[in-house]
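Visitor: As input, take query_28.tsv (TSV, N, CA and C atoms):
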chain	number	residue	atom	x	y	z
A	298	MET	N	1.34	-40.83	15.18
A	298	MET	CA	0.16	-40.73	14.32
A	298	MET	C	0.03	-39.31	13.76
A	299	SER	N	-0.38	-39.24	12.53
A	299	SER	CA	-0.51	-37.96	11.85
A	299	SER	C	-1.79	-37.23	12.30
A	300	ASP	N	-1.67	-35.93	12.51
A	300	ASP	CA	-2.79	-35.14	13.00
A	300	ASP	C	-2.89	-33.85	12.18
A	301	THR	N	-4.09	-33.26	12.19
A	301	THR	CA	-4.27	-32.00	11.45
A	301	THR	C	-4.62	-30.86	12.40
A	302	CYS	N	-3.90	-29.75	12.27
A	302	CYS	CA	-4.18	-28.55	13.07
A	302	CYS	C	-4.58	-27.41	12.15
A	303	ASN	N	-5.57	-26.64	12.58
A	303	ASN	CA	-6.04	-25.49	11.79
A	303	ASN	C	-5.73	-24.20	12.51
A	304	TYR	N	-5.20	-23.23	11.76
A	304	TYR	CA	-4.78	-21.95	12.34
A	304	TYR	C	-5.38	-20.80	11.54
A	305	ARG	N	-5.49	-19.66	12.23
A	305	ARG	CA	-5.88	-18.42	11.55
A	305	ARG	C	-4.62	-17.62	11.25
A	306	VAL	N	-4.54	-17.12	10.02
A	306	VAL	CA	-3.38	-16.33	9.61
A	306	VAL	C	-3.86	-15.01	9.02
A	307	GLU	N	-3.28	-13.91	9.47
A	307	GLU	CA	-3.66	-12.58	8.99
A	307	GLU	C	-2.72	-12.10	7.89
A	308	GLY	N	-3.29	-11.42	6.92
A	308	GLY	CA	-2.48	-10.67	5.96
A	308	GLY	C	-2.27	-11.34	4.62
A	309	MET	N	-2.70	-12.60	4.46
A	309	MET	CA	-2.51	-13.25	3.17
A	309	MET	C	-3.55	-12.71	2.18
A	310	SER	N	-3.08	-12.16	1.07
A	310	SER	CA	-4.02	-11.52	0.15
A	310	SER	C	-4.07	-12.13	-1.24
A	311	CYS	N	-3.11	-12.96	-1.60
A	311	CYS	CA	-3.13	-13.48	-2.97
A	311	CYS	C	-2.38	-14.81	-3.03
A	312	GLY	N	-2.35	-15.39	-4.20
A	312	GLY	CA	-1.70	-16.67	-4.38
A	312	GLY	C	-0.23	-16.68	-4.03
A	313	HIS	N	0.43	-15.52	-4.21
A	313	HIS	CA	1.83	-15.43	-3.83
A	313	HIS	C	2.00	-15.57	-2.33
A	314	CYS	N	1.09	-14.93	-1.59
A	314	CYS	CA	1.13	-15.02	-0.12
A	314	CYS	C	0.95	-16.48	0.29
A	315	ARG	N	-0.03	-17.11	-0.31
A	315	ARG	CA	-0.31	-18.52	-0.05
A	315	ARG	C	0.95	-19.36	-0.26
A	316	SER	N	1.62	-19.16	-1.40
A	316	SER	CA	2.82	-19.93	-1.71
A	316	SER	C	3.92	-19.69	-0.69
A	317	SER	N	4.08	-18.44	-0.27
A	317	SER	CA	5.13	-18.11	0.70
A	317	SER	C	4.89	-18.83	2.02
A	318	VAL	N	3.64	-18.82	2.48
A	318	VAL	CA	3.31	-19.48	3.75
A	318	VAL	C	3.52	-20.99	3.62
A	319	LEU	N	3.03	-21.57	2.54
A	319	LEU	CA	3.15	-23.03	2.37
A	319	LEU	C	4.61	-23.45	2.28
A	320	GLU	N	5.42	-22.64	1.64
A	320	GLU	CA	6.85	-22.97	1.51
A	320	GLU	C	7.51	-23.01	2.89
A	321	GLU	N	7.27	-21.99	3.70
A	321	GLU	CA	7.90	-21.93	5.02
A	321	GLU	C	7.36	-23.02	5.95
A	322	VAL	N	6.04	-23.18	5.97
A	322	VAL	CA	5.44	-24.19	6.86
A	322	VAL	C	5.88	-25.60	6.45
A	323	GLY	N	6.03	-25.79	5.15
A	323	GLY	CA	6.43	-27.10	4.64
A	323	GLY	C	7.83	-27.51	5.08
A	324	GLU	N	8.63	-26.52	5.53
A	324	GLU	CA	10.00	-26.81	5.96
A	324	GLU	C	10.09	-27.18	7.44
A	325	VAL	N	8.96	-27.05	8.16
A	325	VAL	CA	8.97	-27.41	9.58
A	325	VAL	C	9.02	-28.94	9.72
A	326	ALA	N	9.91	-29.41	10.56
A	326	ALA	CA	10.07	-30.85	10.77
A	326	ALA	C	8.77	-31.47	11.24
A	327	GLY	N	8.36	-32.56	10.60
A	327	GLY	CA	7.16	-33.26	11.00
A	327	GLY	C	5.93	-32.90	10.18
A	328	VAL	N	6.02	-31.81	9.42
A	328	VAL	CA	4.87	-31.40	8.59
A	328	VAL	C	4.82	-32.26	7.33
A	329	GLU	N	3.69	-32.92	7.13
A	329	GLU	CA	3.50	-33.76	5.94
A	329	GLU	C	2.76	-33.05	4.83
A	330	GLN	N	1.81	-32.22	5.24
A	330	GLN	CA	1.03	-31.49	4.23
A	330	GLN	C	0.49	-30.21	4.82
A	331	ALA	N	0.39	-29.17	4.00
A	331	ALA	CA	-0.18	-27.91	4.46
A	331	ALA	C	-1.05	-27.33	3.36
A	332	ASP	N	-2.13	-26.68	3.76
A	332	ASP	CA	-3.04	-26.04	2.82
A	332	ASP	C	-3.47	-24.69	3.35
A	333	VAL	N	-3.75	-23.78	2.43
A	333	VAL	CA	-4.24	-22.46	2.81
A	333	VAL	C	-5.56	-22.20	2.12
A	334	GLU	N	-6.54	-21.74	2.91
A	334	GLU	CA	-7.78	-21.19	2.34
A	334	GLU	C	-7.65	-19.69	2.40
A	335	LEU	N	-7.35	-19.10	1.27
A	335	LEU	CA	-7.00	-17.69	1.22
A	335	LEU	C	-8.15	-16.80	1.69
A	336	GLU	N	-9.34	-17.07	1.20
A	336	GLU	CA	-10.50	-16.20	1.47
A	336	GLU	C	-10.81	-16.16	2.97
A	337	ARG	N	-10.64	-17.28	3.63
A	337	ARG	CA	-10.99	-17.34	5.05
A	337	ARG	C	-9.78	-17.13	5.96
A	338	GLY	N	-8.59	-17.00	5.39
A	338	GLY	CA	-7.40	-16.79	6.20
A	338	GLY	C	-7.07	-17.99	7.06
A	339	LEU	N	-7.25	-19.18	6.49
A	339	LEU	CA	-7.03	-20.40	7.25
A	339	LEU	C	-5.83	-21.17	6.74
A	340	LEU	N	-5.07	-21.70	7.69
A	340	LEU	CA	-3.93	-22.57	7.38
A	340	LEU	C	-4.17	-23.92	8.04
A	341	SER	N	-4.12	-24.98	7.26
A	341	SER	CA	-4.31	-26.32	7.77
A	341	SER	C	-3.00	-27.08	7.63
A	342	VAL	N	-2.55	-27.69	8.71
A	342	VAL	CA	-1.26	-28.37	8.70
A	342	VAL	C	-1.43	-29.81	9.19
A	343	ARG	N	-0.98	-30.75	8.40
A	343	ARG	CA	-1.07	-32.16	8.77
A	343	ARG	C	0.33	-32.70	8.99
A	344	GLY	N	0.48	-33.51	10.01
A	344	GLY	CA	1.78	-34.12	10.28
A	344	GLY	C	1.86	-34.60	11.72
A	345	ASP	N	3.07	-34.68	12.18
A	345	ASP	CA	3.30	-35.26	13.51
A	345	ASP	C	4.56	-34.66	14.12
A	346	GLY	N	4.45	-34.21	15.35
A	346	GLY	CA	5.65	-33.79	16.08
A	346	GLY	C	6.00	-32.33	15.98
A	347	PHE	N	5.16	-31.54	15.29
A	347	PHE	CA	5.45	-30.10	15.24
A	347	PHE	C	4.62	-29.39	16.31
A	348	SER	N	5.08	-28.20	16.71
A	348	SER	CA	4.38	-27.42	17.73
A	348	SER	C	3.71	-26.21	17.11
A	349	ASP	N	2.73	-25.66	17.82
A	349	ASP	CA	2.10	-24.41	17.37
A	349	ASP	C	3.14	-23.31	17.22
A	350	GLU	N	4.11	-23.30	18.12
A	350	GLU	CA	5.14	-22.25	18.09
A	350	GLU	C	5.98	-22.35	16.82
A	351	GLN	N	6.28	-23.58	16.40
A	351	GLN	CA	7.06	-23.75	15.17
A	351	GLN	C	6.28	-23.27	13.95
A	352	ILE	N	4.99	-23.57	13.93
A	352	ILE	CA	4.16	-23.13	12.81
A	352	ILE	C	4.04	-21.61	12.81
A	353	ALA	N	3.86	-21.04	14.00
A	353	ALA	CA	3.76	-19.57	14.11
A	353	ALA	C	5.05	-18.91	13.64
A	354	ALA	N	6.19	-19.50	13.96
A	354	ALA	CA	7.48	-18.95	13.55
A	354	ALA	C	7.64	-19.02	12.03
A	355	ALA	N	7.19	-20.13	11.44
A	355	ALA	CA	7.29	-20.30	9.98
A	355	ALA	C	6.39	-19.27	9.27
A	356	VAL	N	5.19	-19.08	9.80
A	356	VAL	CA	4.27	-18.10	9.22
A	356	VAL	C	4.87	-16.70	9.32
A	357	SER	N	5.50	-16.42	10.44
A	357	SER	CA	6.16	-15.13	10.65
A	357	SER	C	7.31	-14.94	9.67
A	358	ASP	N	8.09	-16.01	9.46
A	358	ASP	CA	9.20	-15.94	8.50
A	358	ASP	C	8.70	-15.61	7.10
A	359	ALA	N	7.49	-16.07	6.79
A	359	ALA	CA	6.91	-15.80	5.46
A	359	ALA	C	6.39	-14.38	5.37
A	360	GLY	N	6.27	-13.71	6.54
A	360	GLY	CA	5.84	-12.32	6.53
A	360	GLY	C	4.40	-12.10	6.98
A	361	TYR	N	3.81	-13.11	7.63
A	361	TYR	CA	2.41	-13.02	8.06
A	361	TYR	C	2.31	-13.36	9.54
A	362	GLN	N	1.09	-13.23	10.08
A	362	GLN	CA	0.93	-13.47	11.49
A	362	GLN	C	-0.11	-14.54	11.78
A	363	LEU	N	0.31	-15.54	12.51
A	363	LEU	CA	-0.62	-16.55	13.00
A	363	LEU	C	-1.26	-16.01	14.27
A	364	THR	N	-2.60	-15.93	14.26
A	364	THR	CA	-3.27	-15.30	15.39
A	364	THR	C	-3.91	-16.31	16.35
A	365	GLY	N	-3.86	-17.59	15.99
A	365	GLY	CA	-4.40	-18.59	16.92
A	365	GLY	C	-4.91	-19.82	16.19
A	366	ARG	N	-5.42	-20.74	16.96
A	366	ARG	CA	-6.04	-21.94	16.38
A	366	ARG	C	-7.37	-21.55	15.77
A	367	ALA	N	-7.75	-22.24	14.72
A	367	ALA	CA	-9.05	-21.96	14.08
A	367	ALA	C	-10.05	-23.02	14.49
B	54	MET	N	15.75	9.46	-26.35
B	54	MET	CA	15.55	10.10	-25.04
B	54	MET	C	14.66	9.24	-24.17
B	55	SER	N	14.95	9.23	-22.90
B	55	SER	CA	14.20	8.43	-21.96
B	55	SER	C	12.88	9.11	-21.61
B	56	ASP	N	11.81	8.32	-21.54
B	56	ASP	CA	10.48	8.85	-21.27
B	56	ASP	C	9.79	7.99	-20.22
B	57	THR	N	8.80	8.56	-19.53
B	57	THR	CA	8.07	7.80	-18.52
B	57	THR	C	6.61	7.65	-18.91
B	58	CYS	N	6.10	6.41	-18.85
B	58	CYS	CA	4.69	6.14	-19.14
B	58	CYS	C	4.04	5.57	-17.89
B	59	ASN	N	2.81	6.00	-17.64
B	59	ASN	CA	2.06	5.50	-16.48
B	59	ASN	C	0.86	4.69	-16.94
B	60	TYR	N	0.67	3.54	-16.29
B	60	TYR	CA	-0.40	2.63	-16.67
B	60	TYR	C	-1.21	2.22	-15.46
B	61	ARG	N	-2.45	1.84	-15.73
B	61	ARG	CA	-3.29	1.26	-14.68
B	61	ARG	C	-3.24	-0.26	-14.80
B	62	VAL	N	-3.06	-0.93	-13.66
B	62	VAL	CA	-2.98	-2.39	-13.64
B	62	VAL	C	-3.96	-2.93	-12.60
B	63	GLU	N	-4.76	-3.89	-13.01
B	63	GLU	CA	-5.75	-4.49	-12.10
B	63	GLU	C	-5.23	-5.77	-11.46
B	64	GLY	N	-5.57	-5.97	-10.19
B	64	GLY	CA	-5.37	-7.27	-9.56
B	64	GLY	C	-4.16	-7.38	-8.65
B	65	MET	N	-3.31	-6.35	-8.63
B	65	MET	CA	-2.14	-6.43	-7.75
B	65	MET	C	-2.58	-6.18	-6.31
B	66	SER	N	-2.30	-7.12	-5.43
B	66	SER	CA	-2.82	-6.98	-4.06
B	66	SER	C	-1.75	-6.93	-2.98
B	67	CYS	N	-0.52	-7.31	-3.29
B	67	CYS	CA	0.49	-7.32	-2.24
B	67	CYS	C	1.88	-7.15	-2.83
B	68	GLY	N	2.87	-7.13	-1.97
B	68	GLY	CA	4.23	-6.93	-2.42
B	68	GLY	C	4.74	-7.99	-3.39
B	69	HIS	N	4.19	-9.21	-3.25
B	69	HIS	CA	4.59	-10.27	-4.18
B	69	HIS	C	4.09	-9.96	-5.60
B	70	CYS	N	2.86	-9.44	-5.66
B	70	CYS	CA	2.29	-9.06	-6.95
B	70	CYS	C	3.16	-7.97	-7.59
B	71	ARG	N	3.51	-7.00	-6.77
B	71	ARG	CA	4.37	-5.90	-7.21
B	71	ARG	C	5.67	-6.45	-7.79
B	72	SER	N	6.31	-7.36	-7.07
B	72	SER	CA	7.58	-7.94	-7.52
B	72	SER	C	7.42	-8.68	-8.84
B	73	SER	N	6.32	-9.42	-8.97
B	73	SER	CA	6.09	-10.18	-10.20
B	73	SER	C	5.98	-9.26	-11.41
B	74	VAL	N	5.22	-8.18	-11.24
B	74	VAL	CA	5.03	-7.23	-12.34
B	74	VAL	C	6.35	-6.55	-12.68
B	75	LEU	N	7.07	-6.10	-11.66
B	75	LEU	CA	8.33	-5.39	-11.91
B	75	LEU	C	9.35	-6.30	-12.59
B	76	GLU	N	9.36	-7.57	-12.22
B	76	GLU	CA	10.30	-8.51	-12.83
B	76	GLU	C	10.02	-8.67	-14.33
B	77	GLU	N	8.74	-8.87	-14.67
B	77	GLU	CA	8.39	-9.07	-16.08
B	77	GLU	C	8.59	-7.80	-16.90
B	78	VAL	N	8.13	-6.68	-16.36
B	78	VAL	CA	8.26	-5.41	-17.09
B	78	VAL	C	9.73	-5.03	-17.26
B	79	GLY	N	10.53	-5.36	-16.26
B	79	GLY	CA	11.96	-5.05	-16.32
B	79	GLY	C	12.69	-5.79	-17.42
B	80	GLU	N	12.08	-6.87	-17.92
B	80	GLU	CA	12.71	-7.65	-18.98
B	80	GLU	C	12.38	-7.15	-20.39
B	81	VAL	N	11.46	-6.18	-20.47
B	81	VAL	CA	11.11	-5.62	-21.78
B	81	VAL	C	12.27	-4.75	-22.28
B	82	ALA	N	12.65	-4.95	-23.53
B	82	ALA	CA	13.76	-4.19	-24.12
B	82	ALA	C	13.46	-2.70	-24.07
B	83	GLY	N	14.42	-1.92	-23.61
B	83	GLY	CA	14.27	-0.46	-23.57
B	83	GLY	C	13.83	0.07	-22.22
B	84	VAL	N	13.33	-0.81	-21.35
B	84	VAL	CA	12.87	-0.37	-20.03
B	84	VAL	C	14.08	-0.14	-19.12
B	85	GLU	N	14.18	1.07	-18.60
B	85	GLU	CA	15.30	1.41	-17.71
B	85	GLU	C	14.91	1.28	-16.24
B	86	GLN	N	13.66	1.66	-15.95
B	86	GLN	CA	13.20	1.59	-14.57
B	86	GLN	C	11.69	1.43	-14.53
B	87	ALA	N	11.21	0.70	-13.53
B	87	ALA	CA	9.77	0.52	-13.37
B	87	ALA	C	9.42	0.59	-11.89
B	88	ASP	N	8.26	1.17	-11.61
B	88	ASP	CA	7.78	1.27	-10.23
B	88	ASP	C	6.29	0.96	-10.17
B	89	VAL	N	5.87	0.42	-9.05
B	89	VAL	CA	4.45	0.12	-8.84
B	89	VAL	C	3.98	0.84	-7.59
B	90	GLU	N	2.84	1.53	-7.72
B	90	GLU	CA	2.12	2.05	-6.55
B	90	GLU	C	0.97	1.10	-6.30
B	91	LEU	N	1.15	0.23	-5.32
B	91	LEU	CA	0.22	-0.86	-5.10
B	91	LEU	C	-1.19	-0.37	-4.78
B	92	GLU	N	-1.28	0.59	-3.87
B	92	GLU	CA	-2.59	1.05	-3.39
B	92	GLU	C	-3.43	1.64	-4.52
B	93	ARG	N	-2.77	2.33	-5.46
B	93	ARG	CA	-3.51	2.99	-6.54
B	93	ARG	C	-3.55	2.15	-7.80
B	94	GLY	N	-2.86	1.01	-7.80
B	94	GLY	CA	-2.86	0.16	-9.00
B	94	GLY	C	-2.17	0.81	-10.17
B	95	LEU	N	-1.06	1.49	-9.88
B	95	LEU	CA	-0.35	2.21	-10.94
B	95	LEU	C	1.01	1.60	-11.21
B	96	LEU	N	1.35	1.54	-12.48
B	96	LEU	CA	2.66	1.09	-12.93
B	96	LEU	C	3.31	2.22	-13.70
B	97	SER	N	4.51	2.58	-13.31
B	97	SER	CA	5.25	3.64	-13.98
B	97	SER	C	6.48	3.02	-14.63
B	98	VAL	N	6.67	3.30	-15.91
B	98	VAL	CA	7.78	2.68	-16.65
B	98	VAL	C	8.60	3.77	-17.33
B	99	ARG	N	9.89	3.77	-17.07
B	99	ARG	CA	10.77	4.73	-17.69
B	99	ARG	C	11.73	4.01	-18.63
B	100	GLY	N	11.96	4.62	-19.77
B	100	GLY	CA	12.89	4.03	-20.72
B	100	GLY	C	12.66	4.58	-22.11
B	101	ASP	N	13.06	3.82	-23.10
B	101	ASP	CA	13.01	4.30	-24.47
B	101	ASP	C	12.82	3.12	-25.42
B	102	GLY	N	11.88	3.26	-26.34
B	102	GLY	CA	11.75	2.27	-27.40
B	102	GLY	C	10.82	1.11	-27.12
B	103	PHE	N	10.13	1.14	-25.97
B	103	PHE	CA	9.15	0.08	-25.70
B	103	PHE	C	7.76	0.58	-26.09
B	104	SER	N	6.86	-0.36	-26.37
B	104	SER	CA	5.49	-0.01	-26.75
B	104	SER	C	4.53	-0.35	-25.62
B	105	ASP	N	3.36	0.27	-25.65
B	105	ASP	CA	2.31	-0.07	-24.69
B	105	ASP	C	1.98	-1.56	-24.76
B	106	GLU	N	1.99	-2.09	-25.98
B	106	GLU	CA	1.64	-3.50	-26.16
B	106	GLU	C	2.66	-4.41	-25.47
B	107	GLN	N	3.91	-4.04	-25.53
B	107	GLN	CA	4.95	-4.85	-24.87
B	107	GLN	C	4.77	-4.82	-23.35
B	108	ILE	N	4.43	-3.64	-22.83
B	108	ILE	CA	4.23	-3.53	-21.38
B	108	ILE	C	2.99	-4.33	-20.97
B	109	ALA	N	1.93	-4.22	-21.77
B	109	ALA	CA	0.70	-4.96	-21.48
B	109	ALA	C	0.96	-6.46	-21.49
B	110	ALA	N	1.78	-6.93	-22.43
B	110	ALA	CA	2.09	-8.36	-22.52
B	110	ALA	C	2.90	-8.81	-21.30
B	111	ALA	N	3.82	-7.98	-20.85
B	111	ALA	CA	4.63	-8.32	-19.68
B	111	ALA	C	3.77	-8.39	-18.43
B	112	VAL	N	2.85	-7.42	-18.29
B	112	VAL	CA	1.94	-7.42	-17.14
B	112	VAL	C	1.08	-8.68	-17.17
B	113	SER	N	0.62	-9.04	-18.35
B	113	SER	CA	-0.19	-10.25	-18.51
B	113	SER	C	0.61	-11.50	-18.16
B	114	ASP	N	1.87	-11.54	-18.57
B	114	ASP	CA	2.73	-12.68	-18.23
B	114	ASP	C	2.88	-12.83	-16.71
B	115	ALA	N	2.84	-11.69	-16.02
B	115	ALA	CA	2.96	-11.72	-14.56
B	115	ALA	C	1.66	-12.16	-13.90
B	116	GLY	N	0.57	-12.17	-14.69
B	116	GLY	CA	-0.71	-12.64	-14.16
B	116	GLY	C	-1.70	-11.53	-13.85
B	117	TYR	N	-1.44	-10.33	-14.38
B	117	TYR	CA	-2.32	-9.19	-14.10
B	117	TYR	C	-2.74	-8.56	-15.42
B	118	GLN	N	-3.63	-7.53	-15.31
B	118	GLN	CA	-4.15	-6.92	-16.52
B	118	GLN	C	-3.90	-5.43	-16.56
B	119	LEU	N	-3.24	-5.00	-17.62
B	119	LEU	CA	-3.07	-3.58	-17.85
B	119	LEU	C	-4.34	-3.08	-18.52
B	120	THR	N	-5.00	-2.09	-17.90
B	120	THR	CA	-6.29	-1.64	-18.43
B	120	THR	C	-6.20	-0.33	-19.20
B	121	GLY	N	-5.03	0.28	-19.18
B	121	GLY	CA	-4.89	1.51	-19.98
B	121	GLY	C	-3.82	2.43	-19.42
B	122	ARG	N	-3.67	3.57	-20.08
B	122	ARG	CA	-2.75	4.60	-19.59
B	122	ARG	C	-3.35	5.27	-18.37
B	123	ALA	N	-2.52	5.69	-17.47
B	123	ALA	CA	-3.02	6.38	-16.27
B	123	ALA	C	-2.76	7.87	-16.40
Could you write out this structure as structure tokens?
Guide:
Amino acid sequence: MSDTCNYRVEGMSCGHCRSSVLEEVGEVAGVEQADVELERGLLSVRGDGFSDEQIAAAVSDAGYQLTGRA
Amino acid sequence: MSDTCNYRVEGMSCGHCRSSVLEEVGEVAGVEQADVELERGLLSVRGDGFSDEQIAAAVSDAGYQLTGRA
């Protein structure tokens, strides 16, 4: 079953940052959809079978830091 | 002869913004080198034969606004 997880991400400042994070997170196996609320520093990920660690690694690959669940 | 012009640019917030501006400005005929100081919102362009209007148009194409000479 598909589930949604919300995370806090530090350092995203503009639409380019948003795109970078969404691109990397979108490549994680099991992720069906991802959204970023830039102003609040929030990342929402919907899907099945991915771990917090995988999402944190993808965010890190994009150049930002996932600081925890939101 | 090669000359350097300095401009003020609004809205650049991160390295991605910097890259976008440098890519567009670098495509203007006559531009030999361009640099961005992100913190101060400054764009420096070195070359010969380009106009302020061409640089302003390139900055606009990148999604930002050139507000004048610095």
Visitor: Report as a list in words all protein, DNA and RNA residues lying within 5 Å of Tyr304 (chain A), evaluated on all atoms listed in the file, omitting residues in the same chain fewer than 5 positions from it.
Guide: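 Listed by chain and then number, they are Leu339, Leu340, Ser341, Gly365, Arg366 and Ala367 of chain A.
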Visitor: Counting only N, CA and C atoms, what are the residues of chain B within 7 Å of chain A, and for each of them which pair of atoms is the nearest and at what distance in Å, to one decimal? Sort the table by chain and rising number, as CSV.
Guide:
residue,atom,partner,partner_atom,distance
B:Ser66,C,A:Ser310,C,6.0
B:Cys67,N,A:Ser310,C,6.3
B:His69,CA,A:His313,CA,5.9
B:Cys70,N,A:His313,CA,6.3
Visitor: How about saving the chosen residues, N, CA and C atoms kept, as a short mmCIF file (atom, residue, chain, number, x, y, z; two decimals), keeping the file's coordinate frame?
Guide:
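Saved as out_37.cif:
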data_model
loop_
_atom_site.label_atom_id
_atom_site.label_comp_id
_atom_site.auth_asym_id
_atom_site.auth_seq_id
_atom_site.Cartn_x
_atom_site.Cartn_y
_atom_site.Cartn_z
N SER B 66 -2.30 -7.12 -5.43
CA SER B 66 -2.82 -6.98 -4.06
C SER B 66 -1.75 -6.93 -2.98
N CYS B 67 -0.52 -7.31 -3.29
CA CYS B 67 0.49 -7.32 -2.24
C CYS B 67 1.88 -7.15 -2.83
N HIS B 69 4.19 -9.21 -3.25
CA HIS B 69 4.59 -10.27 -4.18
C HIS B 69 4.09 -9.96 -5.60
N CYS B 70 2.86 -9.44 -5.66
CA CYS B 70 2.29 -9.06 -6.95
C CYS B 70 3.16 -7.97 -7.59
#
Visitor: If we count only C-alpha atoms and set the cut-off at 10 Å, which residues sit around region 326-336 of chain A, ignoring sequence neighbours fewer than 4 positions away in its own chain? Please answer as an NGL selection string.
Guide: :A and (299-312 or 314-316 or 318-320 or 322 or 340-348 or 351-352)
Visitor: Could you give me the residues within region 68-116 of chain B that DSSP places in alpha helix (DSSP H), as a PyMOL selection string?
Guide: chain B and resi 68-79+105-115
Visitor: Could you save the residues just selected, with N, CA and C atoms, as a compact mmCIF listing (two decimals), in the frame of the given file?
Guide:
# COMPACT_ATOMS: atom_id res chain seq x y z
N GLY B 68 2.87 -7.13 -1.97
CA GLY B 68 4.23 -6.93 -2.42
C GLY B 68 4.74 -7.99 -3.39
N HIS B 69 4.19 -9.21 -3.25
CA HIS B 69 4.59 -10.27 -4.18
C HIS B 69 4.09 -9.96 -5.60
N CYS B 70 2.86 -9.44 -5.66
CA CYS B 70 2.29 -9.06 -6.95
C CYS B 70 3.16 -7.97 -7.59
N ARG B 71 3.51 -7.00 -6.77
CA ARG B 71 4.37 -5.90 -7.21
C ARG B 71 5.67 -6.45 -7.79
N SER B 72 6.31 -7.36 -7.07
CA SER B 72 7.58 -7.94 -7.52
C SER B 72 7.42 -8.68 -8.84
N SER B 73 6.32 -9.42 -8.97
CA SER B 73 6.09 -10.18 -10.20
C SER B 73 5.98 -9.26 -11.41
N VAL B 74 5.22 -8.18 -11.24
CA VAL B 74 5.03 -7.23 -12.34
C VAL B 74 6.35 -6.55 -12.68
N LEU B 75 7.07 -6.10 -11.66
CA LEU B 75 8.33 -5.39 -11.91
C LEU B 75 9.35 -6.30 -12.59
N GLU B 76 9.36 -7.57 -12.22
CA GLU B 76 10.30 -8.51 -12.83
C GLU B 76 10.02 -8.67 -14.33
N GLU B 77 8.74 -8.87 -14.67
CA GLU B 77 8.39 -9.07 -16.08
C GLU B 77 8.59 -7.80 -16.90
N VAL B 78 8.13 -6.68 -16.36
CA VAL B 78 8.26 -5.41 -17.09
C VAL B 78 9.73 -5.03 -17.26
N GLY B 79 10.53 -5.36 -16.26
CA GLY B 79 11.96 -5.05 -16.32
C GLY B 79 12.69 -5.79 -17.42
N ASP B 105 3.36 0.27 -25.65
CA ASP B 105 2.31 -0.07 -24.69
C ASP B 105 1.98 -1.56 -24.76
N GLU B 106 1.99 -2.09 -25.98
CA GLU B 106 1.64 -3.50 -26.16
C GLU B 106 2.66 -4.41 -25.47
N GLN B 107 3.91 -4.04 -25.53
CA GLN B 107 4.95 -4.85 -24.87
C GLN B 107 4.77 -4.82 -23.35
N ILE B 108 4.43 -3.64 -22.83
CA ILE B 108 4.23 -3.53 -21.38
C ILE B 108 2.99 -4.33 -20.97
N ALA B 109 1.93 -4.22 -21.77
CA ALA B 109 0.70 -4.96 -21.48
C ALA B 109 0.96 -6.46 -21.49
N ALA B 110 1.78 -6.93 -22.43
CA ALA B 110 2.09 -8.36 -22.52
C ALA B 110 2.90 -8.81 -21.30
N ALA B 111 3.82 -7.98 -20.85
CA ALA B 111 4.63 -8.32 -19.68
C ALA B 111 3.77 -8.39 -18.43
N VAL B 112 2.85 -7.42 -18.29
CA VAL B 112 1.94 -7.42 -17.14
C VAL B 112 1.08 -8.68 -17.17
N SER B 113 0.62 -9.04 -18.35
CA SER B 113 -0.19 -10.25 -18.51
C SER B 113 0.61 -11.50 -18.16
N ASP B 114 1.87 -11.54 -18.57
CA ASP B 114 2.73 -12.68 -18.23
C ASP B 114 2.88 -12.83 -16.71
N ALA B 115 2.84 -11.69 -16.02
CA ALA B 115 2.96 -11.72 -14.56
C ALA B 115 1.66 -12.16 -13.90
Visitor: Pick out each residue of chain A that DSSP on the backbone tags as strand (DSSP E); I need them as a ChimeraX atom specification.
Guide: /A:300-307,328-334,339-344,362-366
Visitor: Rounded to one decimal place, report the atom N of Gly323 (chain A)-atom N of Glu77 (chain B) distance in Å.
Guide: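 Atom N of Glu77 (chain B) lies 26.2 Å from atom N of Gly323 (chain A).
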Visitor: Could you check how far atom C of Asp105 (chain B) sits from atom C of Tyr117 (chain B), in Å to one decimal?
Guide: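 Those two atoms sit 12.6 Å apart.
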Visitor: Do you have the atom C of Val81 (chain B)-atom N of Val112 (chain B) distance handy?
Guide: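 Distance reported for this atom pair: 10.6 Å.
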